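*Asks:* Just passing along the structure, written as structure tokens.
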Amino acid sequence: MTEEIIKENDLIYLILDDRRKWLVKVESGGEFHTHKGIIKFDDLIGKSFGSVIFSRPYETQGYKFYIFKPLPSDYVTYMSRKTQIIYPEDAGLILIYTGIGPGSKVVEAGCGSGALTCILGNYVRPEGHIFSYDIREKSLKRAQRNVINANLQDFVSIQFGDILNDDLGHTNVDSVVLDMPQPWKAVEKIKSYLKLSGTFVSFSPAIEQVKKTTFALQENGFYEINTYELSKRKFQVKENATHPEVRMIGHTGYMTFARKIQDVRNPYREKKPKRDEFVELNGMPLRG
Ligand SMILES: C[S@@+](CC[C@H](N)C(=O)[O-])C[C@H]1O[C@@H](n2cnc3c(N)ncnc32)[C@H](O)[C@@H]1O
């Protein structure tokens, strides 16, 4: 693959050092101010992702900054947020276990800051779409801004909508993704949005939410209901001091997955066949 060139309106992942990293949108004529000098966007446009740039004024600052093309994990970690956002490892599991990918049609609630929305939007391109809802105007505005910054507005719609009480009018969607306080109350309604074999996931920080959601899924005839929690350990690698980092996030959340299945009773196994319904072939009983 050829090198990718930075253009106006691209989102870049700008790194000064391990502690100072930003997601920045490149605007012609614009500047990004840091306490280690100024990055002029016109100095960046036309360079390759993976280049370095020095902060201005060169004489008094001149610090080296690294420019990467943002990864989905960078969207999550460094985007503007107010609500608790999803962690990259959890988003990875959600993608794998829901099968969300190119062409998927997905309903999401709530969008919060839009971190998970942006990751999902990134993966459903070029034919799929994320219909993301929230009931808080502030969340909707922030998520919309993050989606535009990530250039995903063609693949993501951020809209006001209450997943518990509104009829959002979807049918045959591939997946429903919930990250909200009372997901179990949404199960009956979202079942009508999903296609057969479609996938459901709910991200919840507390086990009480998981139990209520699992029971609601069982009552509504969902199948393949499973809950997982991931724990990630980052390692410090140093000469004679290589070990897991001392401070880590101990808990992110639980993810409950399920699939929609056709709701049909089994006419063959409703009652046990009586003895005389069997015929015998060479001493082996066969059902008549
Ligand atoms: C923890 S945040 C979601 C964070 C999001 N996954 C992210 O990565 O940024 C939960 C959101 O659910 C929204 N919410 C709560 N009840 C809702 C409902 N009935 N319908 C839609 N959204 C709802 C809240 O307003 C809040 O923004």
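Order determines the names: the first chain of the structure tokens is A, the second B, and so forth; residues in each chain are numbered 1 upward, and ligands are numbered 1 upward as they are shown.
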Counting only C-alpha atoms and all ligand atoms, which protein, DNA or RNA residues come within 9 Å of ligand 1, given as an MDAnalysis selection string?

*Replies:* chainID A and resid 76 81:87 91 108:119 132:140 143 160:166 177:183 185:186 203:204

*Asks:* Which residues, written as JSON, numbers by chain, have at least one atom at most 9 Å from region 57-68 of chain A, with only C-alpha atoms counted and residues fewer than 6 positions away on the same chain left out?

*Replies:* {"A": [12, 13, 14, 15, 16, 17, 36, 37, 38, 39, 44, 48, 49, 50, 51]}

*Asks:* Please produce a file of the residues just selected, as an mmCIF file, in the first residue's frame, where the atoms kept are N, CA and C atoms.

*Replies:*
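Below is the file again.cif, written as the result:
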```
data_model
loop_
_atom_site.group_PDB
_atom_site.id
_atom_site.type_symbol
_atom_site.label_atom_id
_atom_site.label_comp_id
_atom_site.auth_asym_id
_atom_site.auth_seq_id
_atom_site.Cartn_x
_atom_site.Cartn_y
_atom_site.Cartn_z
ATOM 1 N N ILE A 12 -5.899 13.726 12.735
ATOM 2 C CA ILE A 12 -4.565 13.159 12.970
ATOM 3 C C ILE A 12 -4.404 12.823 14.454
ATOM 4 N N TYR A 13 -3.534 11.888 14.734
ATOM 5 C CA TYR A 13 -3.205 11.523 16.111
ATOM 6 C C TYR A 13 -1.812 12.084 16.366
ATOM 7 N N LEU A 14 -1.773 13.154 17.170
ATOM 8 C CA LEU A 14 -0.550 13.923 17.384
ATOM 9 C C LEU A 14 0.042 13.551 18.744
ATOM 10 N N ILE A 15 1.298 13.164 18.753
ATOM 11 C CA ILE A 15 1.918 12.703 20.007
ATOM 12 C C ILE A 15 3.179 13.505 20.305
ATOM 13 N N LEU A 16 3.245 14.033 21.518
ATOM 14 C CA LEU A 16 4.479 14.668 21.962
ATOM 15 C C LEU A 16 5.314 13.644 22.740
ATOM 16 N N ASP A 17 4.687 13.014 23.737
ATOM 17 C CA ASP A 17 5.357 11.955 24.497
ATOM 18 C C ASP A 17 4.285 11.036 25.063
ATOM 19 N N LYS A 36 4.182 23.334 24.469
ATOM 20 C CA LYS A 36 5.520 23.094 23.894
ATOM 21 C C LYS A 36 5.574 23.652 22.476
ATOM 22 N N GLY A 37 4.785 24.683 22.225
ATOM 23 C CA GLY A 37 4.845 25.350 20.927
ATOM 24 C C GLY A 37 3.615 25.110 20.070
ATOM 25 N N ILE A 38 3.673 25.669 18.856
ATOM 26 C CA ILE A 38 2.504 25.687 17.973
ATOM 27 C C ILE A 38 2.737 24.753 16.786
ATOM 28 N N ILE A 39 1.695 23.989 16.438
ATOM 29 C CA ILE A 39 1.738 23.173 15.224
ATOM 30 C C ILE A 39 0.901 23.887 14.179
ATOM 31 N N LEU A 44 1.665 20.620 7.892
ATOM 32 C CA LEU A 44 1.362 19.183 7.886
ATOM 33 C C LEU A 44 0.771 18.714 6.573
ATOM 34 N N SER A 48 3.270 12.773 4.824
ATOM 35 C CA SER A 48 2.698 11.442 5.034
ATOM 36 C C SER A 48 2.319 11.253 6.494
ATOM 37 N N PHE A 49 1.255 10.477 6.733
ATOM 38 C CA PHE A 49 1.031 9.971 8.087
ATOM 39 C C PHE A 49 2.277 9.170 8.454
ATOM 40 N N GLY A 50 2.707 9.317 9.712
ATOM 41 C CA GLY A 50 3.949 8.642 10.107
ATOM 42 C C GLY A 50 5.139 9.585 10.059
ATOM 43 N N SER A 51 4.900 10.858 9.680
ATOM 44 C CA SER A 51 5.993 11.842 9.668
ATOM 45 C C SER A 51 6.129 12.476 11.050
#
```

*Asks:* Would you mind listing what lies within 12 Å of Leu120 (chain A) as a PyMOL selection string, with only C-alpha atoms counted and same-chain residues fewer than 4 positions away left out?

*Replies:* chain A and resi 72-73+75-76+86+88+91-96+98-108+111+114-116+124-126+128-132+147+150+152+155-157+175-177

*Asks:* Residues of region 61-268 of chain A classed as alpha helix (DSSP H) by DSSP on the backbone are to be reported as a VMD selection string.

*Replies:* chain A and resid 72 to 78 88 to 98 115 to 124 137 to 149 187 to 191 207 to 219

*Asks:* Quick one: of A:Gly46, A:Ser55, A:Lys141, A:Asp263, who's nearest to His33 (chain A), counting only C-alpha atoms?

*Replies:* A:Ser55

*Asks:* At what distance in Å, to one decimal, does CA of Lys191 (chain A) lie from CA of Thr171 (chain A)?

*Replies:*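 That distance, rounded to one decimal, is 9.4 Å.
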
*Asks:* Between CA of Thr213 (chain A) and CA of Val173 (chain A), measure the distance and give it in Å to one decimal.

*Replies:* 19.9 Å
